[in-house]
Protein chains: 4
Amino acid sequence: VDENVTTCWFDPLFRTEAMRRVFSDVARLQGMLDFEAALARALAAVGIISSSAAETIASQCRAELFDLANLSRASAAAGNSAIPIIHELERLVAKESPEVARYVHFGATSQDAIDTGLMLQVRDAFDVMSWDFEFLCNALEGLSSKYKRTPLAGRTWLQHAAPTTFGLKVAGWLSALTHHRERLGQLRSEGVVLQLGGPVGTLAPYGDQGEKIVALVAQELHLSRTDLPWHAHRERLVEMAMALGLLTGTLGKMARDISLLSQSEIGEVAEPPTAGRGTSSSMPHKHNPVGCAVVLAAATRVPPLVSTMLGVMPQEHERGLGGWQAEWETLPEIFELTAGALAQTRQIIAGLGVYAERMQANIDASRGLLFAEAVAVALTQRIGRSAAHSLIERTCRRAVEERRNLHDIIAADQEITCVVSVEELNCLFDPERHVNAAARLVDKVLERVRLLSQKELSH
Amino acid sequence: VDENVTTCWFDPLFRTEAMRRVFSDVARLQGMLDFEAALARALAAVGIISSSAAETIASQCRAELFDLANLSRASAAAGNSAIPIIHELERLVAKESPEVARYVHFGATSQDAIDTGLMLQVRDAFDVMSWDFEFLCNALEGLSSKYKRTPLAGRTWLQHAAPTTFGLKVAGWLSALTHHRERLGQLRSEGVVLQLGGPVGTLAPYGDQGEKIVALVAQELHLSRTDLPWHAHRERLVEMAMALGLLTGTLGKMARDISLLSQSEIGEVAEPPTAGRGTSSSMPHKHNPVGCAVVLAAATRVPPLVSTMLGVMPQEHERGLGGWQAEWETLPEIFELTAGALAQTRQIIAGLGVYAERMQANIDASRGLLFAEAVAVALTQRIGRSAAHSLIERTCRRAVEERRNLHDIIAADQEITCVVSVEELNCLFDPERHVNAAARLVDKVLERVRLLSQKELSH
Amino acid sequence: VDENVTTCWFDPLFRTEAMRRVFSDVARLQGMLDFEAALARALAAVGIISSSAAETIASQCRAELFDLANLSRASAAAGNSAIPIIHELERLVAKESPEVARYVHFGATSQDAIDTGLMLQVRDAFDVMSWDFEFLCNALEGLSSKYKRTPLAGRTWLQHAAPTTFGLKVAGWLSALTHHRERLGQLRSEGVVLQLGGPVGTLAPYGDQGEKIVALVAQELHLSRTDLPWHAHRERLVEMAMALGLLTGTLGKMARDISLLSQSEIGEVAEPPTAGRGTSSSMPHKHNPVGCAVVLAAATRVPPLVSTMLGVMPQEHERGLGGWQAEWETLPEIFELTAGALAQTRQIIAGLGVYAERMQANIDASRGLLFAEAVAVALTQRIGRSAAHSLIERTCRRAVEERRNLHDIIAADQEITCVVSVEELNCLFDPERHVNAAARLVDKVLERVRLLSQKELSH
Amino acid sequence: VDENVTTCWFDPLFRTEAMRRVFSDVARLQGMLDFEAALARALAAVGIISSSAAETIASQCRAELFDLANLSRASAAAGNSAIPIIHELERLVAKESPEVARYVHFGATSQDAIDTGLMLQVRDAFDVMSWDFEFLCNALEGLSSKYKRTPLAGRTWLQHAAPTTFGLKVAGWLSALTHHRERLGQLRSEGVVLQLGGPVGTLAPYGDQGEKIVALVAQELHLSRTDLPWHAHRERLVEMAMALGLLTGTLGKMARDISLLSQSEIGEVAEPPTAGRGTSSSMPHKHNPVGCAVVLAAATRVPPLVSTMLGVMPQEHERGLGGWQAEWETLPEIFELTAGALAQTRQIIAGLGVYAERMQANIDASRGLLFAEAVAVALTQRIGRSAAHSLIERTCRRAVEERRNLHDIIAADQEITCVVSVEELNCLFDPERHVNAAARLVDKVLERVRLLSQKELSH
């Protein structure tokens with residue numbers, strides 16, 4: 001446990017330790033100090049200060065030299081987290097050299113330090129998620145491949161519809177997640193940018209050296225550059241929030257499916273049994289899908305937070321009032337909830353119980369109704385849709401009422417057998433047709449995913 | 001500083017210490033323990049256990065006996081904050097008496113403890129806000145009364161419209177806040193209810209003593225009762241969230257007005273100058289409206305959180321999956337942001353700089369245009385709206401172009417003076433008409449507010 | 001079909017014809033005209049104009065005299081729906097008497113007409129919903145009473161938990177809806193208020209007759225009065241939006257429960273079979289819960305719309321820019337989606353198929369696990385919770401693995417039977433205990449609901 | 001006016017006629033029919049039906065043959081807009097040939113038609129926006145270039161901060177919009193995809209011809225393909241919603257800036273005066289920024305709608321219940337509000353009044369305070385930040401209190417002039433430094449925008 005990371009009660013449930021660390025107070029502070037150090041070195045590189053002055057400043061840019069509780073209180077007074085840091089950094093540098101201290105934060109404005117520090121945290125956040133992401137995708141690849149021919153009742157509107165396979169359901173999840181990996185990778189490499197503009201974003205304090213200093217600071221911090229300072233243009237941060245929201249939505253879809261398949265009456269999958277997890281204070285027989293609950297909670301909480309990020313974009317003039325401040329806790333919250341949901345999903349998938357026999361039993365329990373659509377298609381070709389649908393609806397109703405198998409009822413129905421032979425009927429009720437179709441699609445997804453992995457590795 | 005309250009960086013800016021304490025981990029724990037103690041006493045009152053057994057249980061229901069970090073980790077595993085508490089409480093009680101330990105949490109389910117504990121926190125939260133609320137309303141009463149005749153440019157669509165008074169603007173804020181105080185008071189007295197239903201909300205574990213036990217626990221905790229357990233019916237909590245959202249909206253309206261009136265070009269009011277507040281890291285001349293920014297941030301962040309609370313209402317069956325969990329951090333966040341906004345508003349209003357001379361100067365700078373509507377009304381009565389509006393538009397345009405006062409242009413315009421006498425014109429340009437009208441409304445508001453205060457005191 | 005009501009494709013699915021009529025363009029227009037007529041009569045009552053002039057104005061305040069398409073286009077240009085109406089009304093009145101036309105809209109501002117017209121629509125909207133509301137509550141009362149002793153598997157976290165009854169589930173819905181009826185009734189009688197303040201809300205155009213005119217207009221339109229004009233204080237409208245959001249949340253909870261109970265594998269209830277409803281273009285055997293889908297869609301769409309209403313409360317100065325305009329389509333949308341969900345729920349409940357035998361079969365299929373909690377409680381009293389839970393978990397696991405009934409396993413387990421007698425065990429596995437408890441709660445709800453109905457009737 | 005497009009009152013204000021047409025009922029219908037025609041042709045290409053049969057089907061796939069009112073009512077009953085269309089199409093085709101009618105919609109499911117039809121509308125929607133987009137960007141390029149050296153008070157926290165130029169502010173808008181154009185172009189070319197999967201997304205009805213048929217339908221409709229059907233994976237649609245939300249946010253930022261700059265007291269820009277636009281029913285002198293209000297309303301309404309789209313992603317199994325239905329009106333609403341905001345912004349910018357002399361006057365009115373930061377930077381280098389800030393704060397306070405220019409006060413302050421020479425001071429108060437810096441940044445943006453335009457043209 002990292003003692004720099006404050007944990008509140010529900011953190012271990014909704015968040016990961018690693019992501020908490022990325023957005024901890026100490027990391028926020030260090031991000032801003034990294035900016036100040038890089039700025040000092042850039043000032044040296046263009047000759048405004050000496051190299052040794054830059055290193056004197058940089059030597060004090062270490063979070064452990066600062067008192068976080070004081071900074072927090074002073075931020076509340078200042079309305080701004082950078083101002084007290086800069087004051088304290090100056091004080092520390094002045095102890096080494098009062099002259100050098102005059103060049104701390106030279107030409108920059110608070111928001112330059114705050115936004116750049118945030119971007120450094122954001123970069124770490126992307127990296128922290130990548131391991132869970134990779135593990136999850138690999139696990140899904142395995143599941144999809146393993147169960148690509150395992151029949152499953154396809155369900156639409158929460159009703160049995162027609163057969164599919166469990167592997168195809170998993171391939172759907174995998175395909176979506178693969179898309180998110182690409183998008184987040186793109187944002188990681190293009191959207192993590194330096195903020196440096198001075199008081200109103202003109203770079204005026206640096207005269208004609210502005211562009212050069214920007215380039216140097218960006219280089220030092222390995223950040224991308226933008227054509228303009230973006231103090232009141234928050235598009236890049238909002239894009240990240242949205243990409244995370246999208247990922248959370250897909251994780252929520254997975255959790256929705258898994259929790260529904262885990263219902264007592266269905267029992268086709270189950271979250272991995274972990275000691276002490278999912279039990280009840282009053283009901284010892286229960287095995288609650290706790291992981292799914294956490295993921296669904298995240299998938300419910302993140303969209304309104306994304307709405308907040310979008311809603312505060314109309315920020316006033318060169319720097320906004322209220323909108324910018326509304327981002328401060330919101331974006332980290334989105335990262336943390338998303339990473340928490342990702343980690344939970346990884347754990348669920350890593351040990352997911354898959355019960356193929358229950359899948360088959362649930363198909364059997366539908367007494368052939370899952371194949372009604374195939375018969376309807378065949379009949380339609382012979383006698384038209386409305387006649388076909390009437391016939392099938394009638395036989396389906398009988399199957400339900402008489403608790404008999406649809407196949408038997410249809411095979412005994414002369415109106416049907418006079419246009420569809422019994423051999424053909426047998427074929428229509430054969431799950432293999434569905435399994436083959438599903439397996440073809442699974443193969444396509446797995447092939448694409450593997451190609452992408454190879455491409456990634458070759459980079 | 002209360003060491004039981006964990007503070008993250010922005011807490012002192014967005015939240016109050018008092019509200020942080022109400023929703024601290026330790027208060028959450030104590031709330032659940034208070035439920036367990038009250039339950040034990042109720043069990044004794046109906047004869048299921050002895051009084052001394054109940055007191056043995058109650059004696060261990062003290063938060064300081066528990067290790068919060070362990071509980072937090074165990075909650076994450078269990079998916080539920082009550083289970084590890086109950087286990088630990090049993091362990092503690094068993095050290096006193098193994099037999100008595102068997103009746104810890106008897107017949108209840110985790111959510112009974114969690115929801116009841118939350119309600120105890122909620123009640124404290126209402127109480128904590130009441131002081132700021134009262135102070136704020138009193139201060140607004142004073143401001144409204146003091147400036148009820150101070151002319152102010154009324155602005156619609158961000159354009160000068162017609163004169164009003166600063167006191168009337170303040171009375172508008174006060175009137176809305178008074179309404180919120182009544183509503184929150186109503187929720188405080190009716191909506192803070194006990195949760196007790198057992199595993200699926202039937203009270204079955206208590207046989208025919210269920211109703212009696214519910215009554216006893218409610219009485220012990222001074223909570224209201226509902227006709228049914230409400231594990232999956234979250235209406236009461238959502239109503240609180242909404243009432244807080246509404247309050248934050250009104251505070252946001254105040255902050256919007258104040259921040260706009262504080263603009264450099266307008267300068268009619270200013271947040272109180274506090275040491276170190278509202279300064280800039282790069283611009284020593286600035287005085288930023290930091291309090292308004294915090295309030296506007298809250299008014300932006302709370303509505304989507306209310307949307308979350310509303311959106312998770314469709315919870316599954318007897319207890320939900322994902323929806324309930326999404327509430328856990330959301331409702332406290334709404335309380336904390338609202339209380340933070342309330343405290344900031346109190347501070348702003350307590351020391352608000354009001355610059356009547358700038359208000360007058362800005363009215364004067366409009367060169368009489370603020371009175372155009374009054375002239376238009378008078379003219380309309382004589383020559384009809386469209387002719388009147390044409391005349392006034394023409395004279396207004398001249399006033400702007402020639403940088404002259406509208407009064408002088410109109411007084412020299414024979415087309416107008418032939419229907420409206422100069423005496424009448426002077427009267428139309430007299431701010432007193434507007435001031436008198438505004439003052440009448442202010443008096444009405446103040447009278448109602450005072451009546452309400454007296455009614456409250458007499459209770 | 002009312003030809004004044006424009007219908008778009010999904011309207012008949014998501015909205016009711018009656019509510020579409022309330023918020024139709026023609027009703028919006030008539031609402032504003034009703035305001036203008038009432039204002040004219042008030043002006044006459046205080047002697048500003050003659051009674052016959054007032055009636056001349058009122059005689060033209062009929063929507064059928066106006067061209068809606070032109071008004072819509074002119075509104076877009078003006079940015080405001082009232083301005084072109086007032087111009088046109090003046091033109092119409094001027095045809096009767098140019099002198100009288102000068103007093104059309106006298107002293108009022110556009111927003112006075114727009115907001116008051118909206119309130120008149122809002123009042124109709126409440127009334128339109130009341131019939132569905134009453135029908136639904138009556139139907140739920142019947143269902144709750146009929147099935148108050150019908151055993152149902154209580155489900156928490158989507159897992160079987162302990163028995164409840166279907167009547168108690170229905171009573172939970174009814175209890176919540178009864179609360180909403182009271183709240184909406186309160187808003188209907190207190191929150192539907194007049195807007196009249198003139199350009200900046202001072203009532204200055206009316207001199208010292210402002211208060212009297214306000215009282216007269218309110219009386220004429222049967223609207224409540226406020227202490228101040230509320231052009232930029234939108235609390236009342238937002239409160240309505242929130243109350244509707246809360247109602248939609250409860251309806252969503254009902255639809256969630258019903259759709260889950262309707263799953264192919266569960267089949268405990270079914271939406272009423274309506275000709276052509278819930279069928280599939282490809283699957284003739286399906287019976288989709290279409291009504292639930294509509295209600296859940298509403299329960300998903302309304303919360304963010306409520307967030308919009310809350311989020312635009314910080315409106316600028318005496319009248320806002322952007323926020324007010326954002327309400328124009330949002331509030332009607334909330335009313336329409338809510339009323340649509342209410343009507344769908346009424347239809348679902350009116351013909352709900354309830355299959356008690358499937359409820360029993362699903363309980364049976366759990367092989368006694370639903371009673372594990374009761375045994376655990378009994379055992380806990382004898383041997384303490386952890387020992388009891390261990391024992392029960394072990395026997396539950398065996399019941400699942402060996403596909404045997406938990407009762408039989410427990411009855412054969414000497415570790416258990418040595419502390420709990422077989423007679424007691426039989427009693428613990430007796431559903432009657434749960435049914436009795438549930439029925440007691442149902443009776444309490446029904447009693448309260450009937451008391452409220454009597455109180456209402458006696459008014 | 002297109003009579004196929006139903007117009008409600010506020011449509012001409014918030015939406016464009018062109019976008020209303022794209023999402024009209026008739027276009028929705030035609031989109032689905034285009035899918036059916038393309039499917040028929042693909043079936044012919046793989047030999048399931050004859051070419052002439054395909055053309056028989058295609059010949060009836062014309063919206064004008066259908067009765068929209070009937071379809072709407074039937075959709076409400078079916079819960080699904082495709083079913084009644086398919087029935088009616090079959091009926092029409094059957095009039096030509098009953099045999100061919102049997103192959104209408106062969107193997108597909110309703111959602112295939114609905115989603116593909118939607119994608120065809122979405123593609124048109126992107127195209128419809130592109131003209132406004134291009135016009136707007138060109139106009140901003142012109143403005144940015146023209147005013148790149150026009151001094152403007154840079155404002156942060158709504159307070160004067162330091163000088164910038166109006167051209168740089170415009171360049172900020174342009175830079176963001178250019179980014180959105182690229183992103184929307186990317187979504188237009190990659191994200192507009194075919195939906196075809198059959199009942200549960202396995203393509204089983206087509207046996208081993210599924211992939212080929214998918215390719216043929218996609219080719220016929222010029223749509224991209226996905227590796228899997230995406231009935232319950234809505235990522236692509238949500239990404240579009242988010243990209244539009246982001247665009248609306250930027251437009252909102254522009255409208256915020258423009259409306260603030262248009263305030264009576266500031267008057268630096270003004271919306272173009274259009275006949276009848278922005279006037280008041282009571283105040284003839286007013287010129288309300290109506291366009292900004294519409295854009296800000298959209299920027300407020302769209303984020304919660306995006307939240308809806310994100311929030312409904314966890315759709316159940318192979319096709320969801322409630323979530324899918326919630327999208328039906330939400331996505332078109334997002335497109336329409338965004339396009340409306342874009343068109344309004346285009347109009348605002350096309351005729352924006354820019355008043356350089358007021359910009360200068362407002363700078364002058366600050367009595368040199370806008371240059372305080374530059375002096376502070378210079379002083380800091382000599383005497384350290386805290387001494388420098390103290391000095392500057394003191395002189396700023398005197399400037400405000402004595403209503404004198406900061407330059408004069410500083411030039412007379414020996415404590416300052418002993419470290420900064422008067423020549424240097426003059427230079428620090430010279431707006432050219434700021435103008436030069438801003439102009440450099442503007443040039444960079446314009447260069448990048450022009451490069452991108454050339455790249456686009458060369459494609």
# chains A, B, ... in the order shown; residues from 1 in each chain; ligands from 1
>>> closest_atom_pairs(of="chain D", to="chain B", cutoff="8 Å", atoms="only C-alpha atoms", output="Markdown table")
| residue | atom | partner | partner_atom | distance |
| --- | --- | --- | --- | --- |
| D:Trp157 | CA | B:Asn288 | CA | 5.9 |
| D:Leu158 | CA | B:Gln263 | CA | 5.5 |
| D:Gln159 | CA | B:Ser264 | CA | 5.2 |
| D:His160 | CA | B:Ser264 | CA | 5.9 |
| D:Ala161 | CA | B:Met283 | CA | 6.9 |
| D:Ser259 | CA | B:Leu158 | CA | 7.4 |
| D:Leu260 | CA | B:Leu158 | CA | 7.5 |
| D:Ser262 | CA | B:Leu158 | CA | 7.9 |
| D:Gln263 | CA | B:Leu158 | CA | 5.5 |
| D:Ser264 | CA | B:Gln159 | CA | 5.2 |
| D:Glu265 | CA | B:Glu265 | CA | 6.5 |
| D:Ile266 | CA | B:Glu265 | CA | 6.7 |
| D:Ser282 | CA | B:Glu373 | CA | 6.0 |
| D:Met283 | CA | B:Glu373 | CA | 4.7 |
| D:Pro284 | CA | B:Glu393 | CA | 5.5 |
| D:His285 | CA | B:Glu393 | CA | 5.6 |
| D:Lys286 | CA | B:Ala161 | CA | 7.1 |
| D:His287 | CA | B:Gln159 | CA | 7.6 |
| D:Asn288 | CA | B:Trp157 | CA | 5.9 |
| D:Pro289 | CA | B:Trp157 | CA | 7.0 |
| D:Pro304 | CA | B:Pro304 | CA | 7.8 |
| D:Asn362 | CA | B:Glu265 | CA | 7.4 |
| D:Ser366 | CA | B:Ser264 | CA | 7.9 |
| D:Leu369 | CA | B:His285 | CA | 6.7 |
| D:Ala372 | CA | B:His285 | CA | 6.6 |
| D:Glu373 | CA | B:Met283 | CA | 4.7 |
| D:Ala376 | CA | B:Pro284 | CA | 7.4 |
| D:Val377 | CA | B:Ser282 | CA | 7.7 |
| D:His389 | CA | B:Pro284 | CA | 5.6 |
| D:Ser390 | CA | B:Pro284 | CA | 7.9 |
| D:Ile392 | CA | B:Pro284 | CA | 6.4 |
| D:Glu393 | CA | B:Pro284 | CA | 5.5 |
| D:Cys396 | CA | B:His285 | CA | 5.8 |
| D:Arg397 | CA | B:His285 | CA | 7.7 |
>>> residues_around(residues="stretch 238-249 of chain D", least_positions_apart="3", cutoff="8 Å", atoms="only C-alpha atoms", output="count of residues only")
33
>>> atom_distance(atom1="atom CA of C:Gly107", atom2="atom CA of C:Ala218")
15.7 Å
>>> residues_around(residues="B:Ala53", least_positions_apart="5", cutoff="12 Å", atoms="only C-alpha atoms", output="JSON, numbers by chain")
{"B": [37, 39, 40, 41, 42, 43, 44, 45, 47, 48, 58, 59, 60, 93, 94, 96, 97, 98, 99, 100, 101, 102, 103, 104]}
>>> write_last_selection(atoms="N, CA and C atoms", output="mmCIF file, in the first residue's frame")
data_model
loop_
_atom_site.group_PDB
_atom_site.id
_atom_site.type_symbol
_atom_site.label_atom_id
_atom_site.label_comp_id
_atom_site.auth_asym_id
_atom_site.auth_seq_id
_atom_site.Cartn_x
_atom_site.Cartn_y
_atom_site.Cartn_z
ATOM 1 N N ALA B 37 -27.243 -1.350 17.314
ATOM 2 C CA ALA B 37 -27.554 -1.175 18.737
ATOM 3 C C ALA B 37 -29.056 -1.004 18.949
ATOM 4 N N LEU B 39 -31.415 -2.033 17.026
ATOM 5 C CA LEU B 39 -32.064 -3.318 16.749
ATOM 6 C C LEU B 39 -31.972 -4.232 17.974
ATOM 7 N N ALA B 40 -30.799 -4.284 18.572
ATOM 8 C CA ALA B 40 -30.629 -5.138 19.755
ATOM 9 C C ALA B 40 -31.611 -4.726 20.857
ATOM 10 N N ARG B 41 -31.724 -3.433 21.063
ATOM 11 C CA ARG B 41 -32.630 -2.962 22.115
ATOM 12 C C ARG B 41 -34.085 -3.296 21.774
ATOM 13 N N ALA B 42 -34.432 -3.225 20.512
ATOM 14 C CA ALA B 42 -35.797 -3.580 20.117
ATOM 15 C C ALA B 42 -36.031 -5.076 20.334
ATOM 16 N N LEU B 43 -35.012 -5.869 20.000
ATOM 17 C CA LEU B 43 -35.150 -7.311 20.230
ATOM 18 C C LEU B 43 -35.380 -7.580 21.713
ATOM 19 N N ALA B 44 -34.703 -6.815 22.550
ATOM 20 C CA ALA B 44 -34.901 -6.982 23.997
ATOM 21 C C ALA B 44 -36.313 -6.550 24.387
ATOM 22 N N ALA B 45 -36.771 -5.467 23.816
ATOM 23 C CA ALA B 45 -38.088 -4.955 24.195
ATOM 24 C C ALA B 45 -39.202 -5.934 23.854
ATOM 25 N N GLY B 47 -38.654 -9.144 23.821
ATOM 26 C CA GLY B 47 -38.391 -10.362 24.558
ATOM 27 C C GLY B 47 -37.580 -11.428 23.837
ATOM 28 N N ILE B 48 -37.043 -11.100 22.666
ATOM 29 C CA ILE B 48 -36.220 -12.101 21.966
ATOM 30 C C ILE B 48 -34.887 -12.279 22.684
ATOM 31 N N ALA B 58 -24.873 -3.343 22.345
ATOM 32 C CA ALA B 58 -24.758 -1.889 22.170
ATOM 33 C C ALA B 58 -23.398 -1.376 22.624
ATOM 34 N N SER B 59 -22.845 -2.009 23.646
ATOM 35 C CA SER B 59 -21.568 -1.519 24.183
ATOM 36 C C SER B 59 -20.431 -1.662 23.172
ATOM 37 N N GLN B 60 -20.599 -2.560 22.212
ATOM 38 C CA GLN B 60 -19.546 -2.738 21.209
ATOM 39 C C GLN B 60 -19.827 -1.929 19.936
ATOM 40 N N VAL B 93 -18.503 -8.806 20.242
ATOM 41 C CA VAL B 93 -19.515 -9.195 21.231
ATOM 42 C C VAL B 93 -19.190 -10.579 21.788
ATOM 43 N N ALA B 94 -18.730 -11.451 20.906
ATOM 44 C CA ALA B 94 -18.433 -12.823 21.345
ATOM 45 C C ALA B 94 -17.353 -12.840 22.411
ATOM 46 N N GLU B 96 -17.230 -10.793 24.730
ATOM 47 C CA GLU B 96 -17.983 -10.575 25.971
ATOM 48 C C GLU B 96 -18.844 -11.793 26.276
ATOM 49 N N SER B 97 -19.563 -12.245 25.250
ATOM 50 C CA SER B 97 -20.475 -13.365 25.451
ATOM 51 C C SER B 97 -20.794 -14.026 24.119
ATOM 52 N N PRO B 98 -20.332 -15.247 23.918
ATOM 53 C CA PRO B 98 -20.593 -15.949 22.652
ATOM 54 C C PRO B 98 -22.087 -16.119 22.403
ATOM 55 N N GLU B 99 -22.850 -16.298 23.471
ATOM 56 C CA GLU B 99 -24.296 -16.515 23.292
ATOM 57 C C GLU B 99 -24.955 -15.239 22.746
ATOM 58 N N VAL B 100 -24.592 -14.138 23.346
ATOM 59 C CA VAL B 100 -25.196 -12.875 22.906
ATOM 60 C C VAL B 100 -24.821 -12.574 21.451
ATOM 61 N N ALA B 101 -23.599 -12.927 21.073
ATOM 62 C CA ALA B 101 -23.132 -12.628 19.714
ATOM 63 C C ALA B 101 -24.055 -13.218 18.662
ATOM 64 N N ARG B 102 -24.764 -14.272 19.019
ATOM 65 C CA ARG B 102 -25.649 -14.926 18.046
ATOM 66 C C ARG B 102 -26.832 -14.054 17.649
ATOM 67 N N TYR B 103 -27.054 -13.015 18.417
ATOM 68 C CA TYR B 103 -28.208 -12.155 18.123
ATOM 69 C C TYR B 103 -27.810 -10.810 17.494
ATOM 70 N N VAL B 104 -26.546 -10.701 17.213
ATOM 71 C CA VAL B 104 -26.128 -9.500 16.484
ATOM 72 C C VAL B 104 -26.795 -9.510 15.110
#
>>> select_by_dssp(residues="stretch 192-275 of chain A", states="alpha helix (DSSP H)", output="PyMOL selection string")
chain A and resi 210-221+235-261
>>> residues_around(residues="C:Glu447", least_positions_apart="4", cutoff="12 Å", atoms="only C-alpha atoms", output="ChimeraX atom specification")
/B:227 /C:141,144-145,171,174-175,440-443,451-454
